[in-house]
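Pasted below: model.cif, mmCIF, C-alpha atoms.
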```cif
data_upload
#
loop_
_atom_site.group_PDB
_atom_site.id
_atom_site.type_symbol
_atom_site.label_atom_id
_atom_site.label_comp_id
_atom_site.auth_asym_id
_atom_site.auth_seq_id
_atom_site.Cartn_x
_atom_site.Cartn_y
_atom_site.Cartn_z
ATOM 1 C CA MET A 12 109.497 104.731 109.242
ATOM 2 C CA LYS A 13 106.738 104.516 106.669
ATOM 3 C CA ILE A 14 105.758 107.147 104.094
ATOM 4 C CA LEU A 15 102.759 107.140 101.772
ATOM 5 C CA MET A 16 103.295 108.803 98.369
ATOM 6 C CA VAL A 17 100.061 109.875 96.665
ATOM 7 C CA PHE A 18 100.013 110.280 92.884
ATOM 8 C CA THR A 19 97.443 111.672 90.467
ATOM 9 C CA SER A 20 95.370 109.475 88.159
ATOM 10 C CA HIS A 21 94.356 112.380 85.901
ATOM 11 C CA ASP A 22 95.871 112.511 82.414
ATOM 12 C CA ILE A 23 94.044 115.232 80.446
ATOM 13 C CA LEU A 24 95.306 118.827 80.511
ATOM 14 C CA GLY A 25 92.033 120.740 80.851
ATOM 15 C CA SER A 26 90.367 121.417 77.502
ATOM 16 C CA THR A 27 93.631 121.400 75.521
ATOM 17 C CA GLY A 28 93.391 117.747 74.498
ATOM 18 C CA ARG A 29 96.999 117.315 75.602
ATOM 19 C CA LYS A 30 98.199 114.702 78.074
ATOM 20 C CA THR A 31 99.303 115.435 81.634
ATOM 21 C CA GLY A 32 99.863 113.495 84.865
ATOM 22 C CA PHE A 33 102.592 113.584 87.483
ATOM 23 C CA TRP A 34 105.987 115.152 86.776
ATOM 24 C CA LEU A 35 108.479 112.302 86.558
ATOM 25 C CA GLU A 36 111.259 114.055 88.509
ATOM 26 C CA GLU A 37 108.804 114.770 91.326
ATOM 27 C CA GLY A 38 108.069 111.075 91.647
ATOM 28 C CA ALA A 39 111.549 109.664 91.040
ATOM 29 C CA ALA A 40 113.671 112.063 93.103
ATOM 30 C CA PRO A 41 111.637 111.806 96.341
ATOM 31 C CA TYR A 42 111.292 108.045 95.856
ATOM 32 C CA TYR A 43 115.067 107.663 95.982
ATOM 33 C CA VAL A 44 115.504 110.169 98.819
ATOM 34 C CA PHE A 45 113.111 108.035 100.874
ATOM 35 C CA ARG A 46 114.472 104.658 99.751
ATOM 36 C CA ASP A 47 118.081 105.686 100.355
ATOM 37 C CA ALA A 48 117.074 106.775 103.865
ATOM 38 C CA GLY A 49 115.757 103.282 104.550
ATOM 39 C CA ILE A 50 112.125 104.339 104.635
ATOM 40 C CA ASP A 51 109.331 101.867 103.897
ATOM 41 C CA LEU A 52 107.319 103.273 100.971
ATOM 42 C CA THR A 53 103.769 102.727 99.762
ATOM 43 C CA LEU A 54 102.512 104.405 96.575
ATOM 44 C CA ALA A 55 98.834 105.123 95.955
ATOM 45 C CA SER A 56 96.592 106.930 93.473
ATOM 46 C CA PRO A 57 92.834 107.404 93.084
ATOM 47 C CA LYS A 58 92.505 104.688 90.413
ATOM 48 C CA GLY A 59 95.434 102.522 91.514
ATOM 49 C CA GLY A 60 97.883 100.978 89.060
ATOM 50 C CA GLN A 61 100.186 103.052 86.844
ATOM 51 C CA PRO A 62 99.743 106.798 87.416
ATOM 52 C CA PRO A 63 100.016 108.822 84.185
ATOM 53 C CA VAL A 64 103.351 110.511 83.542
ATOM 54 C CA ASP A 65 103.257 113.990 82.034
ATOM 55 C CA PRO A 66 104.995 113.409 78.670
ATOM 56 C CA LYS A 67 106.542 116.868 78.860
ATOM 57 C CA SER A 68 108.378 115.865 82.024
ATOM 58 C CA ASP A 69 110.275 113.199 80.070
ATOM 59 C CA LEU A 70 111.552 115.486 77.307
ATOM 60 C CA PRO A 71 115.341 115.556 76.755
ATOM 61 C CA GLU A 72 115.728 118.989 78.355
ATOM 62 C CA ASN A 73 113.987 117.818 81.538
ATOM 63 C CA GLN A 74 116.129 114.756 82.284
ATOM 64 C CA THR A 75 117.667 114.468 85.761
ATOM 65 C CA ALA A 76 119.935 112.039 87.586
ATOM 66 C CA ALA A 77 116.990 110.603 89.529
ATOM 67 C CA MET A 78 115.066 109.978 86.307
ATOM 68 C CA ALA A 79 118.082 108.238 84.744
ATOM 69 C CA ARG A 80 118.356 106.034 87.834
ATOM 70 C CA PHE A 81 114.639 105.241 87.682
ATOM 71 C CA LYS A 82 114.814 104.172 84.027
ATOM 72 C CA LYS A 83 117.512 101.626 84.922
ATOM 73 C CA ASP A 84 115.579 100.327 87.938
ATOM 74 C CA PRO A 85 112.932 97.723 86.991
ATOM 75 C CA ASP A 86 112.014 97.210 90.644
ATOM 76 C CA ALA A 87 111.151 100.899 91.048
ATOM 77 C CA GLN A 88 109.228 100.887 87.778
ATOM 78 C CA LYS A 89 107.152 97.966 89.052
ATOM 79 C CA VAL A 90 106.382 99.831 92.284
ATOM 80 C CA PHE A 91 105.170 102.847 90.295
ATOM 81 C CA ALA A 92 103.116 100.661 87.942
ATOM 82 C CA THR A 93 101.232 99.005 90.808
ATOM 83 C CA THR A 94 100.102 101.855 93.063
ATOM 84 C CA LYS A 95 97.424 100.961 95.575
ATOM 85 C CA LYS A 96 93.983 102.574 95.573
ATOM 86 C CA LEU A 97 93.859 105.796 97.558
ATOM 87 C CA LYS A 98 90.518 104.944 99.158
ATOM 88 C CA ASP A 99 92.132 101.960 100.906
ATOM 89 C CA MET A 100 94.894 104.014 102.566
ATOM 90 C CA ARG A 101 94.747 104.880 106.292
ATOM 91 C CA SER A 102 96.889 107.444 108.103
ATOM 92 C CA GLU A 103 97.428 105.115 111.064
ATOM 93 C CA ASP A 104 99.497 102.824 108.819
ATOM 94 C CA PHE A 105 102.085 105.535 108.027
ATOM 95 C CA ASP A 106 104.250 108.196 109.632
ATOM 96 C CA ALA A 107 103.794 110.848 106.907
ATOM 97 C CA VAL A 108 102.277 111.529 103.486
ATOM 98 C CA PHE A 109 104.002 113.055 100.438
ATOM 99 C CA TYR A 110 102.294 114.409 97.305
ATOM 100 C CA PRO A 111 104.345 114.738 94.086
ATOM 101 C CA GLY A 112 103.154 117.391 91.659
ATOM 102 C CA GLY A 113 102.635 117.777 87.956
ATOM 103 C CA HIS A 114 99.459 119.365 86.623
ATOM 104 C CA GLY A 115 97.349 116.216 87.098
ATOM 105 C CA PRO A 116 96.663 116.680 90.837
ATOM 106 C CA MET A 117 95.007 120.034 90.106
ATOM 107 C CA TRP A 118 92.049 118.182 88.611
ATOM 108 C CA ASP A 119 91.610 115.014 90.635
ATOM 109 C CA LEU A 120 93.412 115.139 93.993
ATOM 110 C CA ALA A 121 92.487 118.773 94.677
ATOM 111 C CA GLU A 122 88.812 117.754 94.778
ATOM 112 C CA ASP A 123 89.144 114.092 95.827
ATOM 113 C CA LEU A 124 87.212 113.473 99.044
ATOM 114 C CA ASP A 125 89.372 110.481 99.978
ATOM 115 C CA SER A 126 92.516 112.602 99.585
ATOM 116 C CA ILE A 127 91.093 115.502 101.571
ATOM 117 C CA ALA A 128 89.983 113.211 104.418
ATOM 118 C CA LEU A 129 93.336 111.400 104.388
ATOM 119 C CA ILE A 130 95.380 114.602 104.674
ATOM 120 C CA GLU A 131 93.165 115.810 107.511
ATOM 121 C CA SER A 132 93.569 112.447 109.245
ATOM 122 C CA PHE A 133 97.366 112.632 109.007
ATOM 123 C CA TYR A 134 97.478 116.204 110.259
ATOM 124 C CA ASN A 135 94.978 115.647 113.067
ATOM 125 C CA ALA A 136 97.110 112.719 114.233
ATOM 126 C CA GLY A 137 100.168 114.974 114.495
ATOM 127 C CA LYS A 138 101.820 113.550 111.380
ATOM 128 C CA PRO A 139 103.620 115.551 108.643
ATOM 129 C CA VAL A 140 102.075 116.401 105.291
ATOM 130 C CA ALA A 141 104.331 117.299 102.340
ATOM 131 C CA ALA A 142 103.524 118.472 98.800
ATOM 132 C CA VAL A 143 105.631 119.904 95.982
ATOM 133 C CA CYS A 144 105.081 122.033 92.870
ATOM 134 C CA HIS A 145 101.374 121.873 91.889
ATOM 135 C CA ALA A 146 100.612 119.409 94.684
ATOM 136 C CA PRO A 147 100.196 122.130 97.357
ATOM 137 C CA GLY A 148 97.004 122.783 95.373
ATOM 138 C CA VAL A 149 95.597 119.547 96.809
ATOM 139 C CA LEU A 150 95.448 121.341 100.162
ATOM 140 C CA HIS A 151 92.902 123.919 99.024
ATOM 141 C CA ARG A 152 89.875 122.152 100.536
ATOM 142 C CA VAL A 153 91.746 120.662 103.504
ATOM 143 C CA THR A 154 90.941 122.096 106.931
ATOM 144 C CA TYR A 155 92.431 121.870 110.397
ATOM 145 C CA LYS A 156 90.400 122.916 113.425
ATOM 146 C CA GLY A 157 87.814 124.490 111.141
ATOM 147 C CA GLU A 158 90.266 126.659 109.192
ATOM 148 C CA PRO A 159 92.202 126.102 105.944
ATOM 149 C CA ILE A 160 95.243 123.967 106.768
ATOM 150 C CA VAL A 161 97.546 126.569 105.166
ATOM 151 C CA LYS A 162 96.122 129.557 107.048
ATOM 152 C CA GLY A 163 98.893 131.405 108.862
ATOM 153 C CA LYS A 164 101.486 128.921 107.578
ATOM 154 C CA ARG A 165 104.593 129.715 105.567
ATOM 155 C CA VAL A 166 104.003 127.901 102.274
ATOM 156 C CA THR A 167 105.215 127.750 98.692
ATOM 157 C CA GLY A 168 104.153 126.055 95.472
ATOM 158 C CA PHE A 169 104.169 126.526 91.713
ATOM 159 C CA THR A 170 104.197 130.288 91.227
ATOM 160 C CA ASN A 171 102.080 132.488 88.996
ATOM 161 C CA THR A 172 105.132 133.467 86.953
ATOM 162 C CA GLU A 173 106.129 129.819 86.468
ATOM 163 C CA GLU A 174 102.600 129.018 85.288
ATOM 164 C CA GLU A 175 102.769 131.969 82.913
ATOM 165 C CA GLU A 176 106.083 130.710 81.556
ATOM 166 C CA VAL A 177 104.566 127.330 80.647
ATOM 167 C CA GLN A 178 101.527 129.176 79.207
ATOM 168 C CA LEU A 179 98.923 127.314 81.244
ATOM 169 C CA THR A 180 97.539 130.169 83.349
ATOM 170 C CA LYS A 181 94.186 129.984 81.512
ATOM 171 C CA VAL A 182 94.102 126.173 81.498
ATOM 172 C CA VAL A 183 94.523 125.178 85.170
ATOM 173 C CA PRO A 184 91.448 125.167 87.453
ATOM 174 C CA PHE A 185 93.173 127.687 89.728
ATOM 175 C CA LEU A 186 96.616 129.195 90.279
ATOM 176 C CA VAL A 187 98.426 127.552 93.175
ATOM 177 C CA GLU A 188 100.041 130.785 94.389
ATOM 178 C CA ASP A 189 96.802 132.771 94.287
ATOM 179 C CA GLU A 190 94.808 130.002 95.980
ATOM 180 C CA LEU A 191 97.261 129.519 98.841
ATOM 181 C CA LYS A 192 97.260 133.267 99.429
ATOM 182 C CA ARG A 193 93.446 133.399 99.303
ATOM 183 C CA LEU A 194 93.291 130.733 101.993
ATOM 184 C CA GLY A 195 95.539 132.748 104.297
ATOM 185 C CA GLY A 196 98.834 131.034 103.526
ATOM 186 C CA LEU A 197 101.985 133.119 103.934
ATOM 187 C CA PHE A 198 103.286 132.477 100.426
ATOM 188 C CA GLU A 199 107.015 132.678 99.738
ATOM 189 C CA LYS A 200 108.948 132.010 96.538
ATOM 190 C CA LYS A 201 112.320 132.111 94.842
ATOM 191 C CA ASP A 202 113.075 132.925 91.205
ATOM 192 C CA ASN A 203 111.414 130.687 88.616
ATOM 193 C CA TRP A 204 112.672 127.087 88.607
ATOM 194 C CA GLN A 205 114.995 127.526 91.604
ATOM 195 C CA PRO A 206 114.908 124.847 94.338
ATOM 196 C CA PHE A 207 112.921 126.036 97.358
ATOM 197 C CA ALA A 208 111.142 124.151 100.124
ATOM 198 C CA ILE A 209 109.568 125.368 103.356
ATOM 199 C CA THR A 210 108.919 123.498 106.589
ATOM 200 C CA ASP A 211 106.393 125.143 108.899
ATOM 201 C CA GLY A 212 105.534 122.838 111.763
ATOM 202 C CA ARG A 213 104.245 119.616 110.233
ATOM 203 C CA LEU A 214 103.553 121.140 106.803
ATOM 204 C CA ILE A 215 106.201 120.947 104.077
ATOM 205 C CA THR A 216 105.804 122.548 100.647
ATOM 206 C CA GLY A 217 108.110 122.817 97.625
ATOM 207 C CA GLN A 218 107.945 125.382 94.835
ATOM 208 C CA ASN A 219 108.601 123.471 91.605
ATOM 209 C CA PRO A 220 110.096 120.278 90.105
ATOM 210 C CA ALA A 221 113.591 121.347 91.158
ATOM 211 C CA SER A 222 112.326 121.477 94.751
ATOM 212 C CA SER A 223 111.185 117.852 94.931
ATOM 213 C CA THR A 224 114.478 116.595 96.372
ATOM 214 C CA ALA A 225 114.598 119.400 98.950
ATOM 215 C CA GLY A 226 110.979 118.753 99.929
ATOM 216 C CA ALA A 227 111.620 115.038 100.382
ATOM 217 C CA GLN A 228 114.809 115.675 102.365
ATOM 218 C CA ALA A 229 112.895 118.098 104.611
ATOM 219 C CA LEU A 230 110.329 115.394 105.326
ATOM 220 C CA VAL A 231 113.012 112.848 106.204
ATOM 221 C CA LYS A 232 114.660 115.396 108.511
ATOM 222 C CA LEU A 233 111.348 116.116 110.229
ATOM 223 C CA LEU A 234 110.590 112.427 110.745
ATOM 224 C CA LYS A 235 114.063 111.625 112.057
ATOM 225 C CA GLY A 236 113.912 114.586 114.412
ATOM 226 C CA ALA A 237 110.560 113.422 115.771
ATOM 227 C CA ALA A 238 111.871 109.874 116.185
ATOM 228 C CA GLU A 239 114.961 111.080 118.061
ATOM 229 C CA GLN A 240 112.835 113.262 120.318
ATOM 230 C CA ALA A 241 110.493 110.355 121.063
ATOM 231 C CA SER A 242 113.499 108.120 121.806
ATOM 232 C CA SER A 243 115.090 110.596 124.204
ATOM 233 C CA THR A 244 111.763 111.165 125.951
ATOM 234 C CA ALA A 245 111.285 107.448 126.378
ATOM 235 C CA ALA A 246 114.797 107.090 127.770
#
```
Whole structure, structure tokens version:
Amino acid sequence: MKILMVFTSHDILGSTGRKTGFWLEEGAAPYYVFRDAGIDLTLASPKGGQPPVDPKSDLPENQTAAMARFKKDPDAQKVFATTKKLKDMRSEDFDAVFYPGGHGPMWDLAEDLDSIALIESFYNAGKPVAAVCHAPGVLHRVTYKGEPIVKGKRVTGFTNTEEEEVQLTKVVPFLVEDELKRLGGLFEKKDNWQPFAITDGRLITGQNPASSTAGAQALVKLLKGAAEQASSTAA
């Protein structure tokens, strides 16, 4: 099985002058879920190379086991430092696509035409699409059969109250929760910072950084289930 992970290349937090990027846990934890499951991984970003890490995600209070493992893993660090260019990625080369969050994707991937076309290509081909935390925001211009891809789907993502807690409600281009609801998504959520991931058909979404492992595990489960079904059908 092959999964494409798509990272942001954006490193400026709106007009604040502060740095942003992807949330380190949301890259590291899924990476190891996929690797430990024996999945072939390719990492990509709009600019290629090292995607920016949100410095806040690496603060002492935000450390996790996956991040500690990543910092002791030079091979993984090299993979992250050499992401391929998003424009060169094709859905036919992979079984699924996974988008880690952080605030960065809200600015570049949410409006990136290559990303939008790629997600639509995966979904139109019957392949799963997964996104966690702020990354469900990258779906806001994605359509399926002429309608928003999230319309009528059970979805989650970074909530309004979580955005309020980090005091960035007035900084982000849009609020993930409000936008998914506006597009017809059936938005669900748990308490702030609690792990929560939803699988609805081929669409998987996770609420926050703590949900990145659950979101990745849900994608592995979906892929393995599809592979088993295909195997039994062939038999």
List, as a compact mmCIF listing (two decimals) with C-alpha atoms, keeping the file's coordinate frame, every residue that the PyMOL selection byres ((chain A and resi 126) around 10) selects in the file provided.
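File produced: selection15.txt:
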```
# COMPACT_ATOMS: atom_id res chain seq x y z
CA VAL A 17 100.06 109.88 96.66
CA SER A 56 96.59 106.93 93.47
CA PRO A 57 92.83 107.40 93.08
CA LEU A 97 93.86 105.80 97.56
CA LYS A 98 90.52 104.94 99.16
CA MET A 100 94.89 104.01 102.57
CA ASP A 119 91.61 115.01 90.64
CA LEU A 120 93.41 115.14 93.99
CA ALA A 121 92.49 118.77 94.68
CA GLU A 122 88.81 117.75 94.78
CA ASP A 123 89.14 114.09 95.83
CA LEU A 124 87.21 113.47 99.04
CA ASP A 125 89.37 110.48 99.98
CA ILE A 127 91.09 115.50 101.57
CA ALA A 128 89.98 113.21 104.42
CA LEU A 129 93.34 111.40 104.39
CA ILE A 130 95.38 114.60 104.67
CA GLU A 131 93.16 115.81 107.51
CA SER A 132 93.57 112.45 109.24
CA VAL A 149 95.60 119.55 96.81
CA LEU A 150 95.45 121.34 100.16
CA ARG A 152 89.88 122.15 100.54
CA VAL A 153 91.75 120.66 103.50
```
Explicit residues for the PyMOL selection byres ((chain A and resi 206) around 8) (as a list in words):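 In the shown coordinates, the PyMOL selection byres ((chain A and resi 206) around 8) covers Lys201, Trp204, Gln205, Phe207, Ala208, Gly217, Gln218, Asn219, Pro220, Ala221, Ser222, Ser223 and Ala225 of chain A.
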Contacts between stretch 64-80 of chain A and stretch 87-152 of chain A, please, where a residue of stretch 87-152 of chain A counts if it comes within 9 Å (with all atoms listed in the file); show its shortest atom pair and distance in Å to one decimal, rows by chain and ascending number, as a Markdown table.
```
| residue | atom | partner | partner_atom | distance |
| --- | --- | --- | --- | --- |
| A:Gly113 | CA | A:Asp65 | CA | 7.1 |
| A:His114 | CA | A:Asp65 | CA | 8.0 |
| A:Gly115 | CA | A:Asp65 | CA | 8.1 |
```
Set the distance at 8 Å and use all atoms listed in the file: which residues neighbour stretch 154-156 of chain A once local chain neighbours fewer than 2 positions away are removed? I'd like the list as a PyMOL selection string. chain A and resi 131+134-135+152+158-160
When the PyMOL selection byres ((chain A and resi 92) around 9) is applied to the structure above, which residues does it catch, written out as a PDB file with C-alpha atoms, in the coordinates of the input?
```pdb
ATOM      1  CA  GLY A  59      95.434 102.522  91.514  1.00  0.00           C
ATOM      2  CA  GLY A  60      97.883 100.978  89.060  1.00  0.00           C
ATOM      3  CA  GLN A  61     100.186 103.052  86.844  1.00  0.00           C
ATOM      4  CA  PRO A  62      99.743 106.798  87.416  1.00  0.00           C
ATOM      5  CA  ALA A  87     111.151 100.899  91.048  1.00  0.00           C
ATOM      6  CA  GLN A  88     109.228 100.887  87.778  1.00  0.00           C
ATOM      7  CA  LYS A  89     107.152  97.966  89.052  1.00  0.00           C
ATOM      8  CA  VAL A  90     106.382  99.831  92.284  1.00  0.00           C
ATOM      9  CA  PHE A  91     105.170 102.847  90.295  1.00  0.00           C
ATOM     10  CA  THR A  93     101.232  99.005  90.808  1.00  0.00           C
ATOM     11  CA  THR A  94     100.102 101.855  93.063  1.00  0.00           C
TER      12      THR A  94
END
```
Return as JSON the box centre and box size in Å, one decimal, for an axis-aligned box around all listed atoms of stretch 73-80 of chain A padded by 6 Å per side.
```
{"center_x": 117.0, "center_y": 111.9, "center_z": 85.5, "size_x": 17.9, "size_y": 23.8, "size_z": 20.0}
```
Give me, as a PDB file with C-alpha atoms, keeping the file's coordinate frame, all polymer residues having an atom no more than 9 Å from stretch 164-173 of chain A, counting all atoms listed in the file and skipping those fewer than 2 positions away in the same chain.
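Saved result, around-v5.pdb, follows:
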```
ATOM      1  CA  ALA A 142     103.524 118.472  98.800  1.00  0.00           C
ATOM      2  CA  VAL A 143     105.631 119.904  95.982  1.00  0.00           C
ATOM      3  CA  CYS A 144     105.081 122.033  92.870  1.00  0.00           C
ATOM      4  CA  HIS A 145     101.374 121.873  91.889  1.00  0.00           C
ATOM      5  CA  ALA A 146     100.612 119.409  94.684  1.00  0.00           C
ATOM      6  CA  PRO A 147     100.196 122.130  97.357  1.00  0.00           C
ATOM      7  CA  GLY A 148      97.004 122.783  95.373  1.00  0.00           C
ATOM      8  CA  ILE A 160      95.243 123.967 106.768  1.00  0.00           C
ATOM      9  CA  VAL A 161      97.546 126.569 105.166  1.00  0.00           C
ATOM     10  CA  LYS A 162      96.122 129.557 107.048  1.00  0.00           C
ATOM     11  CA  GLU A 175     102.769 131.969  82.913  1.00  0.00           C
ATOM     12  CA  GLU A 176     106.083 130.710  81.556  1.00  0.00           C
ATOM     13  CA  VAL A 177     104.566 127.330  80.647  1.00  0.00           C
ATOM     14  CA  GLN A 178     101.527 129.176  79.207  1.00  0.00           C
ATOM     15  CA  THR A 180      97.539 130.169  83.349  1.00  0.00           C
ATOM     16  CA  LEU A 186      96.616 129.195  90.279  1.00  0.00           C
ATOM     17  CA  VAL A 187      98.426 127.552  93.175  1.00  0.00           C
ATOM     18  CA  GLU A 188     100.041 130.785  94.389  1.00  0.00           C
ATOM     19  CA  ASP A 189      96.802 132.771  94.287  1.00  0.00           C
ATOM     20  CA  LEU A 191      97.261 129.519  98.841  1.00  0.00           C
ATOM     21  CA  GLY A 195      95.539 132.748 104.297  1.00  0.00           C
ATOM     22  CA  GLY A 196      98.834 131.034 103.526  1.00  0.00           C
ATOM     23  CA  LEU A 197     101.985 133.119 103.934  1.00  0.00           C
ATOM     24  CA  PHE A 198     103.286 132.477 100.426  1.00  0.00           C
ATOM     25  CA  GLU A 199     107.015 132.678  99.738  1.00  0.00           C
ATOM     26  CA  LYS A 200     108.948 132.010  96.538  1.00  0.00           C
ATOM     27  CA  ASP A 202     113.075 132.925  91.205  1.00  0.00           C
ATOM     28  CA  ASN A 203     111.414 130.687  88.616  1.00  0.00           C
ATOM     29  CA  TRP A 204     112.672 127.087  88.607  1.00  0.00           C
ATOM     30  CA  PHE A 207     112.921 126.036  97.358  1.00  0.00           C
ATOM     31  CA  ALA A 208     111.142 124.151 100.124  1.00  0.00           C
ATOM     32  CA  ILE A 209     109.568 125.368 103.356  1.00  0.00           C
ATOM     33  CA  THR A 210     108.919 123.498 106.589  1.00  0.00           C
ATOM     34  CA  ASP A 211     106.393 125.143 108.899  1.00  0.00           C
ATOM     35  CA  GLY A 212     105.534 122.838 111.763  1.00  0.00           C
ATOM     36  CA  LEU A 214     103.553 121.140 106.803  1.00  0.00           C
ATOM     37  CA  ILE A 215     106.201 120.947 104.077  1.00  0.00           C
ATOM     38  CA  THR A 216     105.804 122.548 100.647  1.00  0.00           C
ATOM     39  CA  GLY A 217     108.110 122.817  97.625  1.00  0.00           C
ATOM     40  CA  GLN A 218     107.945 125.382  94.835  1.00  0.00           C
ATOM     41  CA  ASN A 219     108.601 123.471  91.605  1.00  0.00           C
ATOM     42  CA  PRO A 220     110.096 120.278  90.105  1.00  0.00           C
TER      43      PRO A 220
END
```
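From atom CA of A:Lys96 back to atom CA of A:Thr27, the distance works out to 27.5 Å.
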I need the residue nearest A:Lys138 from this list: A:Phe185, A:Leu179, A:Lys82, A:Ile14. Use all atoms listed in the file for the distance.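 The shortest atom-to-atom distance to A:Lys138 comes from A:Ile14.
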In Å, with one decimal, what is the gap from atom CA of A:Glu239 to atom CA of A:Gly49? 15.6 Å
Would you compute the distance between atom CA of A:Ala55 and atom CA of A:Gly157? Give it in Å to one decimal. 27.0 Å
Please rebuild stretch 181-201 of chain A with N, CA and C atoms and return the result as a CSV table (one decimal), in the frame of the given file.
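So the final result, stored in part09.csv, reads:
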```
chain,number,residue,atom,x,y,z
A,181,LYS,N,95.6,130.0,81.8
A,181,LYS,CA,94.2,130.0,81.5
A,181,LYS,C,93.6,128.6,81.4
A,182,VAL,N,94.5,127.6,81.6
A,182,VAL,CA,94.1,126.2,81.5
A,182,VAL,C,93.8,125.5,82.9
A,183,VAL,N,94.7,125.8,83.8
A,183,VAL,CA,94.5,125.2,85.2
A,183,VAL,C,93.3,125.6,85.9
A,184,PRO,N,92.7,124.8,86.7
A,184,PRO,CA,91.4,125.2,87.5
A,184,PRO,C,91.6,126.4,88.4
A,185,PHE,N,92.8,126.5,88.9
A,185,PHE,CA,93.2,127.7,89.7
A,185,PHE,C,94.7,127.8,89.8
A,186,LEU,N,95.2,129.0,90.1
A,186,LEU,CA,96.6,129.2,90.3
A,186,LEU,C,97.0,128.9,91.7
A,187,VAL,N,98.0,128.0,91.9
A,187,VAL,CA,98.4,127.6,93.2
A,187,VAL,C,98.8,128.7,94.1
A,188,GLU,N,99.6,129.6,93.6
A,188,GLU,CA,100.0,130.8,94.4
A,188,GLU,C,98.9,131.6,94.9
A,189,ASP,N,98.0,131.9,93.9
A,189,ASP,CA,96.8,132.8,94.3
A,189,ASP,C,95.9,132.1,95.3
A,190,GLU,N,95.7,130.7,95.1
A,190,GLU,CA,94.8,130.0,96.0
A,190,GLU,C,95.4,129.9,97.4
A,191,LEU,N,96.7,129.6,97.5
A,191,LEU,CA,97.3,129.5,98.8
A,191,LEU,C,97.2,130.9,99.6
A,192,LYS,N,97.4,131.9,98.8
A,192,LYS,CA,97.3,133.3,99.4
A,192,LYS,C,95.8,133.5,99.9
A,193,ARG,N,94.9,133.2,99.0
A,193,ARG,CA,93.4,133.4,99.3
A,193,ARG,C,93.0,132.7,100.6
A,194,LEU,N,93.6,131.5,100.8
A,194,LEU,CA,93.3,130.7,102.0
A,194,LEU,C,94.0,131.2,103.3
A,195,GLY,N,94.8,132.2,103.1
A,195,GLY,CA,95.5,132.7,104.3
A,195,GLY,C,96.9,132.2,104.5
A,196,GLY,N,97.5,131.5,103.5
A,196,GLY,CA,98.8,131.0,103.5
A,196,GLY,C,99.8,132.2,103.4
A,197,LEU,N,100.9,132.1,104.0
A,197,LEU,CA,102.0,133.1,103.9
A,197,LEU,C,102.9,132.7,102.8
A,198,PHE,N,102.6,133.0,101.6
A,198,PHE,CA,103.3,132.5,100.4
A,198,PHE,C,104.7,133.1,100.2
A,199,GLU,N,105.7,132.2,100.0
A,199,GLU,CA,107.0,132.7,99.7
A,199,GLU,C,107.5,132.0,98.5
A,200,LYS,N,108.4,132.6,97.8
A,200,LYS,CA,108.9,132.0,96.5
A,200,LYS,C,110.3,132.5,96.2
A,201,LYS,N,111.0,131.7,95.4
A,201,LYS,CA,112.3,132.1,94.8
A,201,LYS,C,112.1,132.4,93.4
```
